[in-house]
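Visitor: target12.cif is the file, holding mmCIF, C-alpha atoms:
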data_structure
#
loop_
_atom_site.group_PDB
_atom_site.id
_atom_site.type_symbol
_atom_site.label_atom_id
_atom_site.label_comp_id
_atom_site.auth_asym_id
_atom_site.auth_seq_id
_atom_site.Cartn_x
_atom_site.Cartn_y
_atom_site.Cartn_z
ATOM 1 C CA MET A 224 -8.973 -9.286 17.319
ATOM 2 C CA SER A 225 -10.322 -12.526 18.778
ATOM 3 C CA ASN A 226 -8.446 -15.796 18.732
ATOM 4 C CA ASN A 227 -11.011 -17.257 16.323
ATOM 5 C CA GLU A 228 -10.327 -14.602 13.665
ATOM 6 C CA LYS A 229 -7.630 -15.134 11.100
ATOM 7 C CA HIS A 230 -4.696 -12.755 11.188
ATOM 8 C CA PRO A 231 -5.283 -9.897 8.711
ATOM 9 C CA ALA A 232 -2.025 -10.826 6.971
ATOM 10 C CA GLU A 233 -3.762 -13.961 5.660
ATOM 11 C CA LYS A 234 -5.895 -11.765 3.398
ATOM 12 C CA GLY A 235 -2.701 -10.132 2.168
ATOM 13 C CA PHE A 236 -1.189 -13.516 1.337
ATOM 14 C CA ARG A 237 -4.148 -14.405 -0.869
ATOM 15 C CA THR A 238 -4.065 -11.117 -2.773
ATOM 16 C CA THR A 239 -0.288 -11.412 -3.189
ATOM 17 C CA PHE A 240 -0.484 -14.898 -4.701
ATOM 18 C CA LEU A 241 -3.259 -13.737 -7.020
ATOM 19 C CA GLY A 242 -1.234 -10.674 -8.054
ATOM 20 C CA ILE A 243 1.870 -12.756 -8.782
ATOM 21 C CA ALA A 244 -0.061 -15.216 -10.961
ATOM 22 C CA VAL A 245 -1.788 -12.448 -12.939
ATOM 23 C CA SER A 246 1.429 -10.420 -13.343
ATOM 24 C CA ILE A 247 3.365 -13.420 -14.701
ATOM 25 C CA LEU A 248 0.718 -14.078 -17.356
ATOM 26 C CA LEU A 249 0.382 -10.415 -18.330
ATOM 27 C CA ALA A 250 4.130 -9.748 -18.407
ATOM 28 C CA ALA A 251 4.677 -12.642 -20.802
ATOM 29 C CA GLY A 252 1.730 -11.655 -22.972
ATOM 30 C CA LYS A 253 2.694 -7.977 -23.166
ATOM 31 C CA ALA A 254 6.361 -8.704 -23.897
ATOM 32 C CA VAL A 255 5.501 -11.022 -26.808
ATOM 33 C CA ALA A 256 2.865 -8.610 -28.140
ATOM 34 C CA GLY A 257 5.246 -5.663 -27.797
ATOM 35 C CA PHE A 258 8.043 -7.311 -29.770
ATOM 36 C CA LEU A 259 5.793 -8.757 -32.463
ATOM 37 C CA GLY A 260 3.620 -5.625 -32.637
ATOM 38 C CA ASN A 261 6.567 -3.170 -32.650
ATOM 39 C CA SER A 262 5.351 -1.199 -29.607
ATOM 40 C CA PHE A 263 7.878 0.066 -27.073
ATOM 41 C CA ALA A 264 5.053 1.343 -24.892
ATOM 42 C CA LEU A 265 3.793 -2.237 -24.648
ATOM 43 C CA ILE A 266 7.305 -3.519 -23.916
ATOM 44 C CA ALA A 267 7.658 -0.866 -21.203
ATOM 45 C CA ASP A 268 4.335 -2.063 -19.853
ATOM 46 C CA ALA A 269 5.721 -5.606 -19.707
ATOM 47 C CA VAL A 270 8.752 -4.361 -17.766
ATOM 48 C CA GLU A 271 6.393 -2.761 -15.252
ATOM 49 C CA SER A 272 4.600 -6.097 -14.873
ATOM 50 C CA VAL A 273 7.905 -7.846 -14.208
ATOM 51 C CA GLY A 274 8.428 -5.269 -11.462
ATOM 52 C CA ASP A 275 5.006 -6.263 -10.110
ATOM 53 C CA ILE A 276 6.207 -9.842 -9.726
ATOM 54 C CA PHE A 277 9.367 -8.824 -7.863
ATOM 55 C CA THR A 278 7.628 -6.402 -5.510
ATOM 56 C CA ALA A 279 4.781 -8.857 -4.856
ATOM 57 C CA ILE A 280 7.306 -11.436 -3.687
ATOM 58 C CA VAL A 281 8.971 -8.832 -1.453
ATOM 59 C CA MET A 282 5.589 -7.820 -0.080
ATOM 60 C CA TYR A 283 4.700 -11.430 0.685
ATOM 61 C CA LEU A 284 7.933 -11.838 2.648
ATOM 62 C CA GLY A 285 7.231 -8.582 4.507
ATOM 63 C CA LEU A 286 3.688 -9.607 5.412
ATOM 64 C CA ARG A 287 4.855 -13.046 6.518
ATOM 65 C CA LYS A 288 7.435 -11.448 8.810
ATOM 66 C CA ALA A 289 4.970 -8.849 10.142
ATOM 67 C CA ALA A 290 2.486 -11.595 11.040
ATOM 68 C CA GLN A 291 4.951 -13.288 13.397
ATOM 69 C CA PRO A 292 4.072 -12.879 17.104
ATOM 70 C CA PRO A 293 6.269 -10.927 19.561
ATOM 71 C CA ASP A 294 9.349 -12.708 20.858
ATOM 72 C CA GLU A 295 12.168 -12.019 23.301
ATOM 73 C CA ASN A 296 14.089 -9.820 20.864
ATOM 74 C CA HIS A 297 10.972 -8.127 19.427
ATOM 75 C CA PRO A 298 8.570 -7.559 22.355
ATOM 76 C CA TYR A 299 6.419 -5.228 20.230
ATOM 77 C CA GLY A 300 6.182 -7.753 17.403
ATOM 78 C CA HIS A 301 7.530 -7.623 13.856
ATOM 79 C CA GLY A 302 5.016 -5.161 12.417
ATOM 80 C CA LYS A 303 7.621 -2.759 11.015
ATOM 81 C CA ALA A 304 8.410 -5.355 8.341
ATOM 82 C CA GLU A 305 5.096 -4.417 6.698
ATOM 83 C CA PRO A 306 5.860 -0.725 5.916
ATOM 84 C CA ILE A 307 9.437 -1.707 5.018
ATOM 85 C CA ALA A 308 7.951 -4.001 2.361
ATOM 86 C CA ALA A 309 5.856 -1.052 1.118
ATOM 87 C CA VAL A 310 9.001 1.079 0.788
ATOM 88 C CA VAL A 311 10.666 -1.693 -1.235
ATOM 89 C CA VAL A 312 7.621 -1.711 -3.516
ATOM 90 C CA VAL A 313 8.083 2.033 -3.984
ATOM 91 C CA LEU A 314 11.743 1.546 -4.893
ATOM 92 C CA GLY A 315 10.704 -1.060 -7.460
ATOM 93 C CA LEU A 316 8.193 1.379 -8.958
ATOM 94 C CA THR A 317 10.820 4.119 -9.117
ATOM 95 C CA ILE A 318 13.385 1.908 -10.867
ATOM 96 C CA ALA A 319 10.786 0.745 -13.410
ATOM 97 C CA ALA A 320 9.726 4.351 -14.095
ATOM 98 C CA ALA A 321 13.343 5.451 -14.590
ATOM 99 C CA PHE A 322 14.016 2.613 -17.054
ATOM 100 C CA ILE A 323 10.889 3.406 -19.070
ATOM 101 C CA ALA A 324 11.663 7.152 -19.138
ATOM 102 C CA ILE A 325 15.265 6.668 -20.306
ATOM 103 C CA GLU A 326 14.288 4.268 -23.088
ATOM 104 C CA SER A 327 11.365 6.466 -24.181
ATOM 105 C CA ILE A 328 13.508 9.588 -24.459
ATOM 106 C CA GLY A 329 16.056 7.652 -26.532
ATOM 107 C CA ASN A 330 13.357 6.386 -28.898
ATOM 108 C CA LEU A 331 11.928 9.872 -29.469
ATOM 109 C CA THR A 332 14.913 10.696 -31.710
ATOM 110 C CA THR A 333 14.880 7.359 -33.570
ATOM 111 C CA ARG A 334 12.612 6.610 -36.523
ATOM 112 C CA HIS A 335 10.798 3.284 -36.260
ATOM 113 C CA HIS A 336 7.782 1.460 -37.628
ATOM 114 C CA PRO A 337 4.342 2.190 -36.172
ATOM 115 C CA PRO A 338 2.825 -0.370 -33.787
ATOM 116 C CA ALA A 339 0.486 -3.099 -35.038
ATOM 117 C CA TRP A 340 -3.237 -2.387 -34.653
ATOM 118 C CA TRP A 341 -3.929 -5.612 -32.768
ATOM 119 C CA THR A 342 -1.772 -4.437 -29.854
ATOM 120 C CA LEU A 343 -4.767 -2.273 -28.880
ATOM 121 C CA ILE A 344 -6.812 -5.423 -28.217
ATOM 122 C CA VAL A 345 -4.075 -6.755 -25.940
ATOM 123 C CA LEU A 346 -3.914 -3.476 -24.042
ATOM 124 C CA ALA A 347 -7.687 -3.237 -23.616
ATOM 125 C CA GLY A 348 -7.711 -6.648 -21.948
ATOM 126 C CA VAL A 349 -4.768 -5.717 -19.728
ATOM 127 C CA ILE A 350 -6.452 -2.505 -18.565
ATOM 128 C CA ILE A 351 -9.636 -4.309 -17.544
ATOM 129 C CA ILE A 352 -7.784 -7.096 -15.719
ATOM 130 C CA LYS A 353 -5.383 -4.817 -13.859
ATOM 131 C CA GLU A 354 -7.974 -2.242 -12.811
ATOM 132 C CA THR A 355 -10.230 -4.996 -11.480
ATOM 133 C CA LEU A 356 -7.320 -6.527 -9.572
ATOM 134 C CA SER A 357 -6.292 -3.117 -8.223
ATOM 135 C CA ARG A 358 -9.744 -2.434 -6.801
ATOM 136 C CA TYR A 359 -9.930 -5.845 -5.178
ATOM 137 C CA VAL A 360 -6.482 -5.539 -3.564
ATOM 138 C CA SER A 361 -7.223 -1.963 -2.488
ATOM 139 C CA ASP A 362 -10.399 -3.077 -0.702
ATOM 140 C CA VAL A 363 -8.423 -5.750 1.148
ATOM 141 C CA GLY A 364 -5.687 -3.238 2.047
ATOM 142 C CA GLU A 365 -8.212 -0.767 3.445
ATOM 143 C CA SER A 366 -10.052 -3.460 5.407
ATOM 144 C CA VAL A 367 -6.870 -4.538 7.237
ATOM 145 C CA GLU A 368 -5.253 -1.042 7.140
ATOM 146 C CA SER A 369 -2.056 -2.344 5.542
ATOM 147 C CA SER A 370 0.258 0.133 3.804
ATOM 148 C CA ALA A 371 2.019 -2.738 2.001
ATOM 149 C CA ILE A 372 -1.204 -4.191 0.575
ATOM 150 C CA GLN A 373 -2.412 -0.722 -0.432
ATOM 151 C CA ALA A 374 0.991 -0.141 -2.059
ATOM 152 C CA ASP A 375 0.493 -3.338 -4.029
ATOM 153 C CA ALA A 376 -2.945 -2.117 -5.126
ATOM 154 C CA PHE A 377 -1.433 1.130 -6.418
ATOM 155 C CA HIS A 378 1.201 -0.938 -8.161
ATOM 156 C CA HIS A 379 -1.495 -2.810 -10.073
ATOM 157 C CA ARG A 380 -3.237 0.482 -10.846
ATOM 158 C CA SER A 381 0.018 1.972 -12.148
ATOM 159 C CA ASP A 382 0.203 -0.995 -14.512
ATOM 160 C CA ALA A 383 -3.337 -0.235 -15.692
ATOM 161 C CA ILE A 384 -2.382 3.429 -16.182
ATOM 162 C CA THR A 385 0.722 2.437 -18.137
ATOM 163 C CA SER A 386 -1.431 0.248 -20.372
ATOM 164 C CA ALA A 387 -3.985 3.043 -20.825
ATOM 165 C CA ALA A 388 -1.215 5.472 -21.836
ATOM 166 C CA ALA A 389 0.149 2.908 -24.268
ATOM 167 C CA PHE A 390 -3.357 2.419 -25.712
ATOM 168 C CA ILE A 391 -3.723 6.149 -26.337
ATOM 169 C CA GLY A 392 -0.215 6.466 -27.799
ATOM 170 C CA ILE A 393 -0.647 3.533 -30.170
ATOM 171 C CA SER A 394 -4.069 4.852 -31.237
ATOM 172 C CA ILE A 395 -2.575 8.250 -32.106
ATOM 173 C CA ALA A 396 0.297 6.600 -33.991
ATOM 174 C CA LEU A 397 -2.096 4.450 -36.038
ATOM 175 C CA ILE A 398 -4.612 7.229 -36.749
ATOM 176 C CA GLY A 399 -1.994 9.897 -37.488
ATOM 177 C CA GLY A 400 0.062 7.692 -39.762
ATOM 178 C CA GLU A 401 3.601 8.604 -40.852
ATOM 179 C CA GLY A 402 5.291 11.060 -38.522
ATOM 180 C CA TYR A 403 3.156 10.090 -35.532
ATOM 181 C CA GLU A 404 5.063 6.927 -34.632
ATOM 182 C CA ILE A 405 6.676 8.640 -31.645
ATOM 183 C CA ALA A 406 3.261 8.988 -29.967
ATOM 184 C CA ASP A 407 3.902 5.461 -28.722
ATOM 185 C CA ASP A 408 7.090 6.668 -26.990
ATOM 186 C CA TRP A 409 5.406 9.773 -25.576
ATOM 187 C CA ALA A 410 2.787 7.475 -24.086
ATOM 188 C CA ALA A 411 5.504 5.408 -22.413
ATOM 189 C CA LEU A 412 7.102 8.610 -21.069
ATOM 190 C CA PHE A 413 3.772 9.751 -19.630
ATOM 191 C CA ALA A 414 3.347 6.335 -18.046
ATOM 192 C CA SER A 415 6.714 6.647 -16.280
ATOM 193 C CA ALA A 416 5.646 9.995 -14.780
ATOM 194 C CA SER A 417 2.392 8.427 -13.605
ATOM 195 C CA ILE A 418 4.290 5.562 -11.960
ATOM 196 C CA LEU A 419 6.534 8.026 -10.108
ATOM 197 C CA TYR A 420 3.474 9.866 -8.825
ATOM 198 C CA ASN A 421 2.004 6.608 -7.552
ATOM 199 C CA ALA A 422 5.332 5.754 -5.926
ATOM 200 C CA TRP A 423 5.201 8.965 -3.906
ATOM 201 C CA HIS A 424 1.527 8.453 -3.080
ATOM 202 C CA ILE A 425 2.094 5.017 -1.547
ATOM 203 C CA GLY A 426 5.542 5.712 -0.098
ATOM 204 C CA ARG A 427 4.528 8.686 2.009
ATOM 205 C CA PRO A 428 2.267 6.798 4.495
ATOM 206 C CA ALA A 429 4.721 3.885 4.714
ATOM 207 C CA ILE A 430 7.565 6.235 5.660
ATOM 208 C CA GLY A 431 5.246 7.968 8.129
ATOM 209 C CA GLU A 432 4.538 4.625 9.771
ATOM 210 C CA LEU A 433 8.256 3.867 10.035
ATOM 211 C CA MET A 434 8.719 7.275 11.681
ATOM 212 C CA ASP A 435 5.909 6.516 14.172
ATOM 213 C CA GLU A 436 3.600 9.162 12.748
ATOM 214 C CA GLN A 437 0.267 9.438 14.612
ATOM 215 C CA PRO A 438 -1.854 6.897 12.653
ATOM 216 C CA ALA A 439 -5.374 8.020 13.642
ATOM 217 C CA PRO A 440 -5.539 11.542 15.143
ATOM 218 C CA GLU A 441 -9.332 11.510 14.754
ATOM 219 C CA TRP A 442 -9.424 9.017 17.607
ATOM 220 C CA LEU A 443 -8.227 11.551 20.178
ATOM 221 C CA HIS A 444 -11.680 13.034 20.721
ATOM 222 C CA ASP A 445 -13.248 9.577 21.153
ATOM 223 C CA VAL A 446 -10.549 8.529 23.621
ATOM 224 C CA GLU A 447 -11.153 11.616 25.764
ATOM 225 C CA LYS A 448 -14.944 11.198 25.593
ATOM 226 C CA ILE A 449 -14.810 7.555 26.718
ATOM 227 C CA ALA A 450 -12.317 8.214 29.516
ATOM 228 C CA LEU A 451 -14.187 11.233 30.906
ATOM 229 C CA SER A 452 -17.448 9.277 30.959
ATOM 230 C CA HIS A 453 -16.114 7.597 34.109
ATOM 231 C CA PRO A 454 -16.898 9.755 37.189
ATOM 232 C CA GLU A 455 -13.503 9.108 38.828
ATOM 233 C CA VAL A 456 -11.539 10.410 35.817
ATOM 234 C CA GLN A 457 -10.643 14.094 36.109
ATOM 235 C CA SER A 458 -8.689 14.508 32.866
ATOM 236 C CA ILE A 459 -6.410 12.755 30.364
ATOM 237 C CA GLU A 460 -3.296 13.945 28.549
ATOM 238 C CA LYS A 461 -0.392 12.825 26.363
ATOM 239 C CA VAL A 462 -2.500 10.468 24.241
ATOM 240 C CA ARG A 463 -0.191 8.718 21.788
ATOM 241 C CA LEU A 464 -0.818 6.141 19.085
ATOM 242 C CA ARG A 465 1.699 3.957 17.312
ATOM 243 C CA LYS A 466 1.120 1.640 14.352
ATOM 244 C CA LEU A 467 3.154 -1.561 14.138
ATOM 245 C CA GLY A 468 2.169 -3.334 10.943
ATOM 246 C CA PHE A 469 -1.387 -4.526 11.496
ATOM 247 C CA ASP A 470 -1.471 -3.603 15.191
ATOM 248 C CA ILE A 471 -1.992 -0.236 16.882
ATOM 249 C CA LEU A 472 -0.688 0.590 20.359
ATOM 250 C CA MET A 473 -1.940 3.433 22.572
ATOM 251 C CA ASP A 474 -0.703 5.073 25.763
ATOM 252 C CA PHE A 475 -1.828 8.100 27.774
ATOM 253 C CA HIS A 476 -1.890 9.656 31.254
ATOM 254 C CA LEU A 477 -5.089 9.387 33.285
ATOM 255 C CA ARG A 478 -5.711 11.758 36.209
ATOM 256 C CA VAL A 479 -7.914 10.703 39.146
ATOM 257 C CA PRO A 480 -8.586 12.182 42.608
ATOM 258 C CA ALA A 481 -5.508 12.051 44.825
ATOM 259 C CA ASP A 482 -7.369 10.256 47.609
ATOM 260 C CA LEU A 483 -8.445 7.373 45.350
ATOM 261 C CA SER A 484 -7.020 4.034 46.543
ATOM 262 C CA VAL A 485 -4.590 2.049 44.418
ATOM 263 C CA GLU A 486 -7.200 -0.690 44.030
ATOM 264 C CA GLU A 487 -9.862 1.770 42.865
ATOM 265 C CA GLY A 488 -7.435 3.462 40.482
ATOM 266 C CA HIS A 489 -6.499 0.092 39.042
ATOM 267 C CA ARG A 490 -10.179 -0.741 38.519
ATOM 268 C CA VAL A 491 -10.833 2.563 36.736
ATOM 269 C CA CYS A 492 -7.873 1.987 34.412
ATOM 270 C CA HIS A 493 -9.147 -1.449 33.434
ATOM 271 C CA GLU A 494 -12.662 -0.208 32.820
ATOM 272 C CA VAL A 495 -11.408 2.611 30.592
ATOM 273 C CA LYS A 496 -9.028 0.260 28.779
ATOM 274 C CA ASP A 497 -11.727 -2.340 28.101
ATOM 275 C CA GLU A 498 -14.006 0.278 26.545
ATOM 276 C CA LEU A 499 -11.241 1.784 24.422
ATOM 277 C CA LEU A 500 -10.184 -1.599 23.028
ATOM 278 C CA ASP A 501 -13.554 -1.686 21.248
ATOM 279 C CA LEU A 502 -12.620 1.435 19.276
ATOM 280 C CA HIS A 503 -10.803 -0.535 16.599
ATOM 281 C CA PRO A 504 -10.333 -4.250 15.797
ATOM 282 C CA TYR A 505 -6.553 -3.859 15.458
ATOM 283 C CA LEU A 506 -6.014 -1.829 18.629
ATOM 284 C CA ARG A 507 -3.892 -4.450 20.351
ATOM 285 C CA ASP A 508 -2.893 -2.909 23.674
ATOM 286 C CA ILE A 509 -3.268 0.255 25.773
ATOM 287 C CA LEU A 510 -0.842 1.466 28.437
ATOM 288 C CA ILE A 511 -2.387 3.871 30.984
ATOM 289 C CA HIS A 512 -0.228 5.872 33.383
ATOM 290 C CA LEU A 513 -2.268 6.788 36.478
ATOM 291 C CA GLU A 514 -1.621 10.194 38.082
ATOM 292 C CA PRO A 515 -3.228 12.069 41.003
ATOM 293 C CA GLU A 516 -5.141 15.206 40.091
#
Could you spell out this file's structure in structure tokens?
Guide:
Amino acid sequence: MSNNEKHPAEKGFRTTFLGIAVSILLAAGKAVAGFLGNSFALIADAVESVGDIFTAIVMYLGLRKAAQPPDENHPYGHGKAEPIAAVVVVLGLTIAAAFIAIESIGNLTTRHHPPAWWTLIVLAGVIIIKETLSRYVSDVGESVESSAIQADAFHHRSDAITSAAAFIGISIALIGGEGYEIADDWAALFASASILYNAWHIGRPAIGELMDEQPAPEWLHDVEKIALSHPEVQSIEKVRLRKLGFDILMDFHLRVPADLSVEEGHRVCHEVKDELLDLHPYLRDILIHLEPE
């Protein structure tokens, strides 16, 4: 990444601020509509939006920390703060899903009035807004390869799914009439299961990053092809990749003829390194260990 380019975290900051603003408005709107319209599914949806606000703030703090440059105590940078923020988002999703599930199960055995018809209009608007926001944030997350930003996108999508489930449940309750009121609660229960699924879906890559899982194994063939294109290179081995937030680090062993001078070996390493750095915009550094064939 050149010095003239903005750090990829800056894109994350913009999407986070946008997500917080939208979530505050929707949470307030859904909570009021849920209480006035007698819909627990809509209230559960509002709780999920409140969770969006909390996790968005956590994600912002994580991205801000991950964007800090290396220092004496963190020579590899602060990139791990980014997947940690994603894991916190997952925990927030899990807690919200558990709350919704517990309340839904309790309401299944309690008779209550059916939801108001106009709550469907509120939910339709919420679904459109949240799905649009989710796609926008997801595109940003993929462009900068951020697990935290992608986690936030799934969080917005889980909100859209919760709203869609509530829409279906309220529709069944209104169409079915007396005896179908609990469809609203079944919808909320389905939404909690969907949120848990999304939590696993976004938590898995974040945990893998924290465990230094190989981030891009498809690169291995390209690395070998580029290195072996140099006539002095005999072979390469032990290619390893490590993702630190927005940055990726690489190291491998490069074998050259035993009679090659130190100066020539150093030149070959730099030529190979310069070519490999063009593989990816966030490939920050490459460590090459030179060995005699």
Visitor: Could you check the closest approach to A:Ala319 for each of A:Ile509, A:Leu472, A:Ala267, A:Ala347 and tell me which residue wins, using all atoms listed in the file?
Guide: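 Nearest to A:Ala319: A:Ala267.
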Visitor: Could you write out as JSON, numbers by chain the residues that the PyMOL selection byres ((chain A and resi 448-462) around 7) matches in the shown file?
Guide: {"A": [444, 445, 446, 447, 463, 464, 474, 475, 476, 477, 478, 479, 480, 495, 516]}
Visitor: Quick one: distance from atom CA of A:Arg490 to atom CA of A:Lys466 in Å, one decimal?
Guide: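 It comes out at 26.8 Å.
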Visitor: Report as JSON lines the residues of stretch 320-368 of chain A within 12 Å of stretch 415-436 of chain A, each with its shortest atom pair and distance in Å (one decimal), using all atoms listed in the file, ordered by chain and increasing residue number.
Guide:
{"residue": "A:Ala320", "atom": "CA", "partner": "A:Ser415", "partner_atom": "CA", "distance": 4.4}
{"residue": "A:Ala321", "atom": "CA", "partner": "A:Ser415", "partner_atom": "CA", "distance": 6.9}
{"residue": "A:Phe322", "atom": "CA", "partner": "A:Ser415", "partner_atom": "CA", "distance": 8.4}
{"residue": "A:Ile323", "atom": "CA", "partner": "A:Ser415", "partner_atom": "CA", "distance": 6.0}
{"residue": "A:Ala324", "atom": "CA", "partner": "A:Ser415", "partner_atom": "CA", "distance": 5.7}
{"residue": "A:Ile325", "atom": "CA", "partner": "A:Ser415", "partner_atom": "CA", "distance": 9.5}
{"residue": "A:Glu326", "atom": "CA", "partner": "A:Ser415", "partner_atom": "CA", "distance": 10.5}
{"residue": "A:Ser327", "atom": "CA", "partner": "A:Ser415", "partner_atom": "CA", "distance": 9.2}
{"residue": "A:Ile328", "atom": "CA", "partner": "A:Ser415", "partner_atom": "CA", "distance": 11.0}
{"residue": "A:Ser361", "atom": "CA", "partner": "A:Ile425", "partner_atom": "CA", "distance": 11.7}
{"residue": "A:Gly364", "atom": "CA", "partner": "A:Ile425", "partner_atom": "CA", "distance": 11.9}
{"residue": "A:Glu368", "atom": "CA", "partner": "A:Pro428", "partner_atom": "CA", "distance": 11.2}
Visitor: Specify as a list of chain:residue names each residue included when the PyMOL selection byres ((chain A and resi 394) around 10) is applied to this file.
Guide: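 Applied to this file, the PyMOL selection byres ((chain A and resi 394) around 10) selects A:Pro338, A:Ala339, A:Trp340, A:Thr342, A:Leu343, A:Ala388, A:Ala389, A:Phe390, A:Ile391, A:Gly392, A:Ile393, A:Ile395, A:Ala396, A:Leu397, A:Ile398, A:Gly399, A:Gly400, A:Tyr403, A:Glu404, A:Ala406, A:Asp407.
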Visitor: The PyMOL selection byres ((chain A and resi 243) around 8) - which residues does that actually catch in the file I just gave you? List them as a VMD selection string.
Guide: chain A and resid 239 to 242 244 to 247 275 to 276 279 to 280
Visitor: List as a ChimeraX atom specification the protein and nucleic acid residues near stretch 378-383 of chain A, meaning an atom at most 7 Å away when all atoms listed in the file are counted, but skip any in the same chain fewer than 6 places from it.
Guide: /A:268,271-272,275,349-350,353-354,356-357,418,421
Visitor: What's the separation between atom CA of A:Ala410 and atom CA of A:Gly252, in Å to one decimal place?
Guide: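 That distance, rounded to one decimal, is 19.2 Å.
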